[in-house]
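Structure file work25.csv (CSV, C-alpha atoms and all ligand atoms) is printed below.
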chain,number,residue,atom,x,y,z
A,1,ILE,CA,0.0,0.0,0.0
A,2,HIS,CA,2.6,2.5,1.1
A,3,SER,CA,5.1,2.0,-1.8
A,4,LYS,CA,2.1,1.6,-4.2
A,5,ASP,CA,1.2,5.2,-3.7
A,6,GLN,CA,4.3,6.1,-5.8
A,7,ILE,CA,3.6,3.6,-8.5
A,8,CYS,CA,2.0,5.1,-11.6
A,9,HIS,CA,0.3,3.6,-14.7
A,10,GLU,CA,3.6,3.6,-16.6
A,11,ASP,CA,5.3,1.5,-13.9
A,12,TYR,CA,2.5,-1.1,-14.0
A,13,GLN,CA,2.6,-1.1,-17.8
A,14,ARG,CA,6.3,-1.7,-17.9
A,15,THR,CA,6.0,-4.7,-15.7
A,16,ALA,CA,3.0,-6.0,-17.7
A,17,ASP,CA,4.9,-5.4,-21.0
A,18,TRP,CA,7.9,-7.3,-19.7
A,19,LEU,CA,5.7,-10.3,-18.7
A,20,LEU,CA,3.9,-10.3,-22.1
A,21,SER,CA,7.2,-10.3,-23.8
A,22,GLN,CA,8.3,-13.4,-21.8
A,23,THR,CA,5.3,-15.6,-22.2
A,24,GLN,CA,2.8,-16.6,-24.9
A,25,HIS,CA,0.0,-16.9,-22.4
A,26,ARG,CA,-2.6,-14.2,-22.4
A,27,PRO,CA,-4.5,-14.8,-19.1
A,28,LYS,CA,-8.1,-13.8,-18.5
A,29,VAL,CA,-8.2,-15.2,-15.0
A,30,ALA,CA,-5.9,-14.4,-12.1
A,31,ILE,CA,-5.7,-16.5,-9.0
A,32,ILE,CA,-4.1,-15.4,-5.7
A,33,CYS,CA,-3.0,-18.2,-3.5
A,34,GLY,CA,-3.5,-17.7,0.2
A,35,SER,CA,-1.2,-18.9,3.0
A,36,GLY,CA,-0.2,-22.5,2.3
A,37,LEU,CA,-2.5,-22.7,-0.7
A,38,GLY,CA,0.3,-22.3,-3.3
A,39,MET,CA,-0.4,-25.7,-4.8
A,40,LEU,CA,-3.5,-24.2,-6.5
A,41,ALA,CA,-0.9,-23.3,-9.2
A,42,ASP,CA,0.3,-26.8,-9.6
A,43,ALA,CA,-2.8,-27.7,-11.7
A,44,LEU,CA,-1.8,-25.3,-14.4
A,45,LYS,CA,-0.6,-26.9,-17.6
A,46,CYS,CA,2.2,-25.6,-20.0
A,47,GLN,CA,3.6,-23.5,-17.2
A,48,ASP,CA,5.7,-20.4,-17.7
A,49,LEU,CA,7.1,-19.6,-14.3
A,50,PHE,CA,8.7,-16.3,-13.0
A,51,LYS,CA,10.3,-15.8,-9.7
A,52,TYR,CA,9.2,-12.4,-8.3
A,53,SER,CA,12.9,-11.5,-8.0
A,54,ASP,CA,13.3,-11.8,-11.8
A,55,ILE,CA,10.3,-9.6,-12.6
A,56,PRO,CA,11.1,-5.9,-13.1
A,57,GLY,CA,9.1,-3.8,-10.7
A,58,PHE,CA,8.0,-6.7,-8.6
A,59,PRO,CA,8.7,-6.7,-4.8
A,60,GLN,CA,9.6,-9.9,-2.8
A,61,SER,CA,7.1,-12.1,-1.0
A,62,THR,CA,8.3,-12.3,2.6
A,63,VAL,CA,5.8,-14.7,4.3
A,64,LYS,CA,6.4,-18.4,4.9
A,65,GLY,CA,3.9,-20.4,2.8
A,66,HIS,CA,4.1,-17.9,0.0
A,67,ALA,CA,6.6,-19.1,-2.6
A,68,GLY,CA,7.1,-15.8,-4.5
A,69,ARG,CA,6.4,-17.0,-8.0
A,70,LEU,CA,4.1,-15.9,-10.8
A,71,VAL,CA,2.8,-18.9,-12.8
A,72,PHE,CA,1.2,-18.6,-16.2
A,73,GLY,CA,-0.6,-21.7,-17.7
A,74,GLU,CA,-3.7,-23.4,-18.9
A,75,LEU,CA,-6.4,-24.7,-16.6
A,76,LYS,CA,-9.0,-26.8,-18.5
A,77,GLY,CA,-8.3,-24.8,-21.6
A,78,LYS,CA,-8.6,-21.4,-19.9
A,79,THR,CA,-5.5,-19.2,-19.6
A,80,CYS,CA,-4.7,-18.2,-16.1
A,81,VAL,CA,-2.0,-16.4,-14.1
A,82,CYS,CA,-1.4,-17.5,-10.5
A,83,MET,CA,0.2,-15.6,-7.8
A,84,GLN,CA,2.0,-18.2,-5.7
A,85,GLY,CA,2.7,-15.8,-2.9
A,86,ARG,CA,0.7,-12.6,-2.2
A,87,PHE,CA,1.7,-9.3,-0.9
A,88,HIS,CA,0.0,-8.4,2.4
A,89,MET,CA,-0.8,-4.8,3.4
A,90,TYR,CA,1.8,-5.3,6.2
A,91,GLU,CA,4.4,-6.0,3.5
A,92,GLY,CA,3.4,-2.8,1.7
A,93,HIS,CA,2.5,-3.7,-1.9
A,94,SER,CA,-0.5,-4.3,-4.3
A,95,LEU,CA,0.1,-5.4,-7.9
A,96,ILE,CA,-3.4,-6.2,-9.1
A,97,ARG,CA,-3.2,-3.5,-11.7
A,98,VAL,CA,-0.4,-5.5,-13.5
A,99,PHE,CA,-3.0,-8.2,-14.0
A,100,LYS,CA,-5.5,-5.7,-15.4
A,101,LEU,CA,-2.9,-4.6,-18.0
A,102,LEU,CA,-2.2,-8.3,-18.8
A,103,GLY,CA,-5.8,-8.5,-19.9
A,104,VAL,CA,-7.2,-10.3,-16.8
A,105,GLU,CA,-11.0,-10.0,-16.4
A,106,THR,CA,-11.7,-12.2,-13.4
A,107,LEU,CA,-9.8,-12.3,-10.1
A,108,ILE,CA,-10.1,-15.4,-7.8
A,109,VAL,CA,-8.7,-14.7,-4.3
A,110,THR,CA,-8.1,-17.3,-1.7
A,111,ASN,CA,-6.9,-16.8,1.9
A,112,ALA,CA,-6.4,-18.6,5.2
A,113,ALA,CA,-8.7,-17.1,7.9
A,114,GLY,CA,-9.8,-17.6,11.4
A,115,SER,CA,-13.5,-18.1,12.1
A,116,LEU,CA,-15.7,-16.1,14.5
A,117,ALA,CA,-18.9,-17.7,13.5
A,118,ASP,CA,-19.8,-20.4,16.1
A,119,SER,CA,-21.2,-22.8,13.5
A,120,TYR,CA,-17.9,-22.9,11.5
A,121,SER,CA,-15.3,-25.6,11.9
A,122,CYS,CA,-11.6,-25.8,11.1
A,123,GLY,CA,-11.2,-26.9,7.5
A,124,ASP,CA,-14.5,-25.3,6.4
A,125,ILE,CA,-14.4,-23.4,3.1
A,126,MET,CA,-16.1,-20.1,3.2
A,127,ILE,CA,-17.4,-18.5,0.0
A,128,ILE,CA,-16.9,-14.8,0.6
A,129,ARG,CA,-20.2,-12.9,0.2
A,130,ASP,CA,-18.9,-9.6,1.3
A,131,HIS,CA,-16.0,-8.0,3.3
A,132,ILE,CA,-15.4,-5.5,6.0
A,133,ASN,CA,-12.2,-3.6,5.3
A,134,PHE,CA,-11.1,-2.4,8.7
A,135,PRO,CA,-7.9,-0.7,7.5
A,136,GLY,CA,-10.0,0.9,4.7
A,137,LEU,CA,-12.6,2.2,7.2
A,138,ALA,CA,-9.7,3.8,9.1
A,139,GLY,CA,-8.3,5.5,5.9
A,140,LEU,CA,-5.6,3.0,5.0
A,141,ASN,CA,-6.7,2.2,1.4
A,142,PRO,CA,-4.8,1.1,-1.7
A,143,LEU,CA,-6.9,3.7,-3.7
A,144,ASN,CA,-5.5,6.5,-1.6
A,145,GLY,CA,-3.8,9.3,-3.5
A,146,PRO,CA,-4.6,10.9,-6.8
A,147,ASN,CA,-7.1,8.7,-8.8
A,148,ASP,CA,-5.9,7.4,-12.1
A,149,ASP,CA,-9.1,7.5,-14.3
A,150,LYS,CA,-7.5,5.0,-16.7
A,151,PHE,CA,-8.0,2.4,-14.1
A,152,GLY,CA,-11.4,3.4,-12.6
A,153,PRO,CA,-13.5,6.1,-10.9
A,154,ARG,CA,-12.6,8.2,-7.9
A,155,PHE,CA,-15.5,6.8,-5.8
A,156,PRO,CA,-16.0,3.2,-6.7
A,157,PRO,CA,-19.1,1.4,-5.3
A,158,MET,CA,-18.4,-1.7,-3.1
A,159,SER,CA,-21.8,-3.3,-3.1
A,160,GLY,CA,-22.2,-6.6,-5.0
A,161,VAL,CA,-18.5,-6.9,-5.6
A,162,TYR,CA,-18.3,-10.7,-5.0
A,163,ASP,CA,-20.0,-12.0,-8.1
A,164,LYS,CA,-23.3,-13.7,-7.3
A,165,ASN,CA,-23.2,-16.1,-10.3
A,166,LEU,CA,-19.7,-17.3,-9.4
A,167,ARG,CA,-20.8,-17.8,-5.8
A,168,LYS,CA,-23.8,-19.9,-6.9
A,169,MET,CA,-21.6,-21.9,-9.3
A,170,ALA,CA,-19.1,-22.6,-6.5
A,171,PHE,CA,-21.9,-23.9,-4.3
A,172,ASP,CA,-23.2,-26.2,-7.0
A,173,ILE,CA,-19.6,-27.5,-7.6
A,174,CYS,CA,-19.2,-28.2,-3.8
A,175,LYS,CA,-22.5,-30.1,-3.9
A,176,SER,CA,-21.3,-32.2,-6.8
A,177,MET,CA,-17.9,-32.8,-5.0
A,178,GLY,CA,-19.8,-34.0,-2.0
A,179,VAL,CA,-18.3,-31.4,0.3
A,180,SER,CA,-21.3,-29.1,0.8
A,181,GLN,CA,-21.5,-29.9,4.5
A,182,CYS,CA,-18.2,-28.0,5.1
A,183,VAL,CA,-19.0,-25.1,2.8
A,184,GLN,CA,-20.2,-21.8,4.2
A,185,GLU,CA,-21.0,-18.4,2.8
A,186,GLY,CA,-20.1,-15.4,4.9
A,187,VAL,CA,-18.4,-12.1,5.6
A,188,TYR,CA,-14.6,-11.8,5.7
A,189,CYS,CA,-13.1,-9.1,7.8
A,190,MET,CA,-9.7,-7.8,6.9
A,191,VAL,CA,-7.5,-6.6,9.8
A,192,GLY,CA,-4.1,-5.1,9.3
A,193,GLY,CA,-2.0,-7.8,11.1
A,194,PRO,CA,0.6,-9.0,11.4
A,195,ASN,CA,-0.4,-10.0,14.9
A,196,PHE,CA,-3.4,-12.3,15.4
A,197,GLU,CA,-6.4,-10.8,17.3
A,198,SER,CA,-6.6,-10.2,21.0
A,199,ILE,CA,-9.6,-11.8,22.8
A,200,ALA,CA,-11.3,-8.4,23.1
A,201,GLU,CA,-10.8,-7.7,19.4
A,202,ALA,CA,-12.2,-11.2,18.6
A,203,ARG,CA,-15.2,-10.5,20.7
A,204,LEU,CA,-15.7,-7.1,19.0
A,205,LEU,CA,-15.5,-8.8,15.5
A,206,HIS,CA,-18.0,-11.5,16.6
A,207,ARG,CA,-20.5,-8.9,17.8
A,208,LEU,CA,-20.1,-7.1,14.5
A,209,GLY,CA,-21.3,-10.2,12.7
A,210,VAL,CA,-18.0,-11.1,11.1
A,211,ASP,CA,-17.8,-14.7,10.1
A,212,ALA,CA,-14.0,-15.0,9.3
A,213,VAL,CA,-11.0,-12.8,9.9
A,214,GLY,CA,-7.7,-12.5,8.0
A,215,MET,CA,-5.0,-10.1,6.9
A,216,SER,CA,-5.5,-9.8,3.2
A,217,THR,CA,-7.9,-10.0,0.3
A,218,ALA,CA,-9.9,-6.7,0.8
A,219,PRO,CA,-7.2,-4.5,-0.7
A,220,GLU,CA,-6.8,-6.8,-3.7
A,221,VAL,CA,-10.5,-7.1,-4.2
A,222,LEU,CA,-11.1,-3.4,-4.1
A,223,VAL,CA,-8.3,-2.6,-6.5
A,224,ALA,CA,-9.6,-5.3,-8.8
A,225,SER,CA,-13.2,-4.1,-8.6
A,226,HIS,CA,-12.1,-0.5,-9.1
A,227,CYS,CA,-10.6,-1.4,-12.4
A,228,GLY,CA,-13.6,-3.4,-13.5
A,229,MET,CA,-12.6,-7.0,-12.8
A,230,ARG,CA,-15.1,-9.6,-11.7
A,231,VAL,CA,-14.2,-11.0,-8.3
A,232,PHE,CA,-14.7,-14.4,-6.5
A,233,GLY,CA,-13.2,-15.1,-3.1
A,234,LEU,CA,-12.7,-18.2,-0.9
A,235,SER,CA,-11.5,-18.3,2.7
A,236,LEU,CA,-10.2,-21.6,4.1
A,237,ILE,CA,-11.0,-21.7,7.8
A,238,THR,CA,-7.7,-22.7,9.4
A,239,ASN,CA,-8.5,-21.9,13.0
A,240,LYS,CA,-11.3,-20.9,15.3
A,241,VAL,CA,-10.4,-17.4,16.7
A,242,VAL,CA,-10.1,-17.5,20.5
A,243,LYS,CA,-13.0,-15.5,22.0
A,244,SER,CA,-13.0,-16.7,25.6
A,245,TYR,CA,-10.6,-15.8,28.5
A,246,GLU,CA,-11.2,-19.4,29.7
A,247,ASP,CA,-9.8,-20.8,26.5
A,248,ASN,CA,-6.1,-21.6,26.5
A,249,ALA,CA,-5.8,-22.3,22.8
A,250,SER,CA,-3.7,-20.0,20.7
A,251,VAL,CA,-3.1,-19.7,17.0
A,252,SER,CA,0.2,-19.8,15.1
A,253,HIS,CA,1.2,-19.3,11.5
A,254,GLU,CA,2.5,-22.9,11.5
A,255,ALA,CA,-0.9,-24.2,12.5
A,256,VAL,CA,-2.5,-22.1,9.8
A,257,LEU,CA,-0.2,-23.6,7.2
A,258,GLU,CA,-0.9,-27.2,8.4
A,259,VAL,CA,-4.6,-26.9,7.9
A,260,SER,CA,-4.2,-25.1,4.6
A,261,LYS,CA,-2.0,-28.1,3.4
A,262,MET,CA,-4.7,-30.6,4.5
A,263,ARG,CA,-7.4,-28.8,2.5
A,264,SER,CA,-5.5,-27.4,-0.4
A,265,GLU,CA,-6.4,-30.3,-2.7
A,266,THR,CA,-10.2,-29.7,-2.2
A,267,LEU,CA,-9.6,-26.0,-3.0
A,268,GLN,CA,-7.7,-26.9,-6.0
A,269,VAL,CA,-10.5,-29.1,-7.4
A,270,LEU,CA,-13.1,-26.5,-6.6
A,271,VAL,CA,-11.1,-23.6,-8.2
A,272,THR,CA,-10.2,-25.7,-11.3
A,273,GLU,CA,-13.9,-26.7,-11.8
A,274,LEU,CA,-15.0,-23.1,-11.3
A,275,ILE,CA,-12.6,-21.9,-14.0
A,276,SER,CA,-13.6,-24.6,-16.3
A,277,ARG,CA,-17.3,-23.7,-16.0
A,278,MET,CA,-16.7,-20.0,-16.4
A,279,ASP,CA,-17.4,-18.2,-19.7
A,280,ILE,CA,-14.3,-16.1,-19.6
A,281,ASN,CA,-14.6,-14.5,-23.0
A,282,ASN,CA,-17.6,-12.3,-22.4
A,283,ASN,CA,-17.0,-12.1,-18.6
A,284,THR,CA,-20.2,-13.7,-17.6
A,285,ALA,CA,-20.7,-16.9,-15.6
A,301,LIG,O1,-2.3,-14.7,2.6
A,301,LIG,P1,-3.4,-15.1,3.7
A,301,LIG,O2,-4.4,-14.1,3.9
A,301,LIG,O3,-3.9,-16.4,3.4
A,301,LIG,O4,-2.5,-15.2,5.0
A,301,LIG,C1,-3.0,-15.4,6.3
A,301,LIG,C2,-3.1,-14.1,7.1
A,301,LIG,C3,-1.6,-14.0,7.5
A,301,LIG,O5,-0.8,-13.4,6.6
A,301,LIG,C4,-1.2,-15.4,7.8
A,301,LIG,C5,-1.4,-15.8,9.2
A,301,LIG,O6,-1.2,-17.1,9.4
A,301,LIG,O7,-2.1,-16.2,7.0
Just give me the structure as structure tokens.
Ligand SMILES: O=P(O)(O)O[C@@H]1C[C@H](O)[C@@H](CO)O1
Amino acid sequence: IHSKDQICHEDYQRTADWLLSQTQHRPKVAIICGSGLGMLADALKCQDLFKYSDIPGFPQSTVKGHAGRLVFGELKGKTCVCMQGRFHMYEGHSLIRVFKLLGVETLIVTNAAGSLADSYSCGDIMIIRDHINFPGLAGLNPLNGPNDDKFGPRFPPMSGVYDKNLRKMAFDICKSMGVSQCVQEGVYCMVGGPNFESIAEARLLHRLGVDAVGMSTAPEVLVASHCGMRVFGLSLITNKVVKSYEDNASVSHEAVLEVSKMRSETLQVLVTELISRMDINNNTA
């Protein structure tokens, strides 16, 4: 976010042009892999793979469980680009606009998240219906600064951002996969991190009606939506957020990665099937 303020259209374009000169792939779908969910990219065929360190203008991914590679390839005949390693707000970058300039029309975001909803279990998949962007509400927004009208409007709406048709399609796919008992639809709340929530913060989020909390996604989604991309999001529930002072449990990034690993195959099948059912040429599901 912070360094992004200084990045202009020409910078994004330079990075996009470099990538387009290095690969024949022309992706219409971008996938962002959440913590421990990097194997979503493994399903891509005919891969062209770029380490972030080799891409001009790309920063480094610093979080364990985020490999730091951009993978281009085909998924069931659809051309995709997959971010194996995202940039979190606490790391200071957002590069969604490079995807826009590559020609991407649909963004699929995944993340690891802790659940506040009492009915959720570890390992559940939450289809994101909407989000609460806490840093954004407090003025920390990737759209801060002069607006570039080439990307989108100064005051973008945020209602209906998570595409309804794709959400329904994902539900249907989960049913046919026989996993609908562990699929939820709910509200993701982004907090700044990098610390996990205190019990008092967890209680506040619970009272606000938040279903799952994490440290990403909202900035990516709002930049994508600002520049006209269709958005679909999934949270993998990796832990139940501790809400009681009587509860001695505590979360760790290692525990988050362990649950992600256990469920990543299910997510891979779901995302692959979703992309295969999408009509990505006219951007309608
Ligand atoms: O990239 P995501 O949102 O999946 O990462 C989550 C949030 C923190 O970065 C980390 C905590 O374990 O995982």
Write out as number ranges by chain each polymer residue (protein, DNA or RNA) that has an atom no more than 6 Å from ligand LIG 301 (chain A), with only C-alpha atoms and all ligand atoms counted.
-> A: 34-35, 111-112, 214-216, 253, 256
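Taking only C-alpha atoms into account, those protein, DNA and RNA residues with any atom at most 10 Å away from (-13.2, -16.5, 13.2) amount to Ala113, Gly114, Ser115, Leu116, Ala117, Asp118, Tyr120, Ser121, Cys122, Tyr188, Cys189, Glu197, Ala202, Arg203, Leu205, His206, Val210, Asp211, Ala212, Val213, Gly214, Ile237, Thr238, Asn239, Lys240, Val241, Val242 and Lys243 of chain A.
Each of A:Asp48, A:Asp54, A:Asp149, A:Glu201 was checked against A:Cys82 using all atoms listed in the file; the smallest atom-to-atom distance is that of A:Asp48.
Comparing A:Cys80, A:Val98, A:Leu37, A:Ala200 by their smallest distance to A:Ile55, the closest is A:Val98 (using only C-alpha atoms).
For A:Arg263, the residues within 9 Å (counting all atoms listed in the file, excluding itself and residues fewer than 6 positions away along the chain) are Leu37, Gly123, Asp124, Ile125 and Leu236 of chain A.
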Atom CA of A:Gln184 to atom CA of A:Lys168: how many Å, to one decimal?
-> 11.8 Å
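Taking atom CA of A:Pro135 and atom CA of A:Gly85 as the two end points, the separation is 21.2 Å.
Using all atoms listed in the file for every distance, the candidate list A:Ala255, A:Thr272, A:Phe196, A:Thr217 yields A:Thr272 as the residue closest to A:Glu74.
Closest approach to A:Ile96 among A:Ala30, A:Val259, A:Leu137, A:Val271: A:Ala30, based on all atoms listed in the file.
Taking atom CA of A:Asp11 and atom CA of A:Ala41 as endpoints, the distance between them is 26.0 Å.
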Skipping near chain neighbours, those fewer than 3 positions away, what residues fall within 12 Å of A:Gln268 using only C-alpha atoms, listed as a PyMOL selection string?
-> chain A and resi 31+33-34+37-44+75+108+110+125+174+177+234+236+260-265+271-275
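Using all atoms listed in the file, the nearest neighbour of A:Phe58 within the list A:Arg207, A:Arg14, A:Arg230, A:His25 is A:Arg14.
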Point out the residue among A:Leu19, A:Ala249, A:Ile127, A:Ile173 with the least atom-to-atom distance to A:Gly233, counting only C-alpha atoms.
-> A:Ile127
List every protein, DNA or RNA residue that has at least one atom no more than 7 Å from (-22.2, -12.5, -2.4) in the file's coordinates, counting only C-alpha atoms, and write the result as a ChimeraX atom specification.
-> /A:128-130,160,162-164,167
Leaving out A:Gln13 and any residue of its chain fewer than 4 positions from it, which residues lie within 8 Å of it when counting all atoms listed in the file, given as an MDAnalysis selection string?
-> chainID A and resid 9 17 98 101
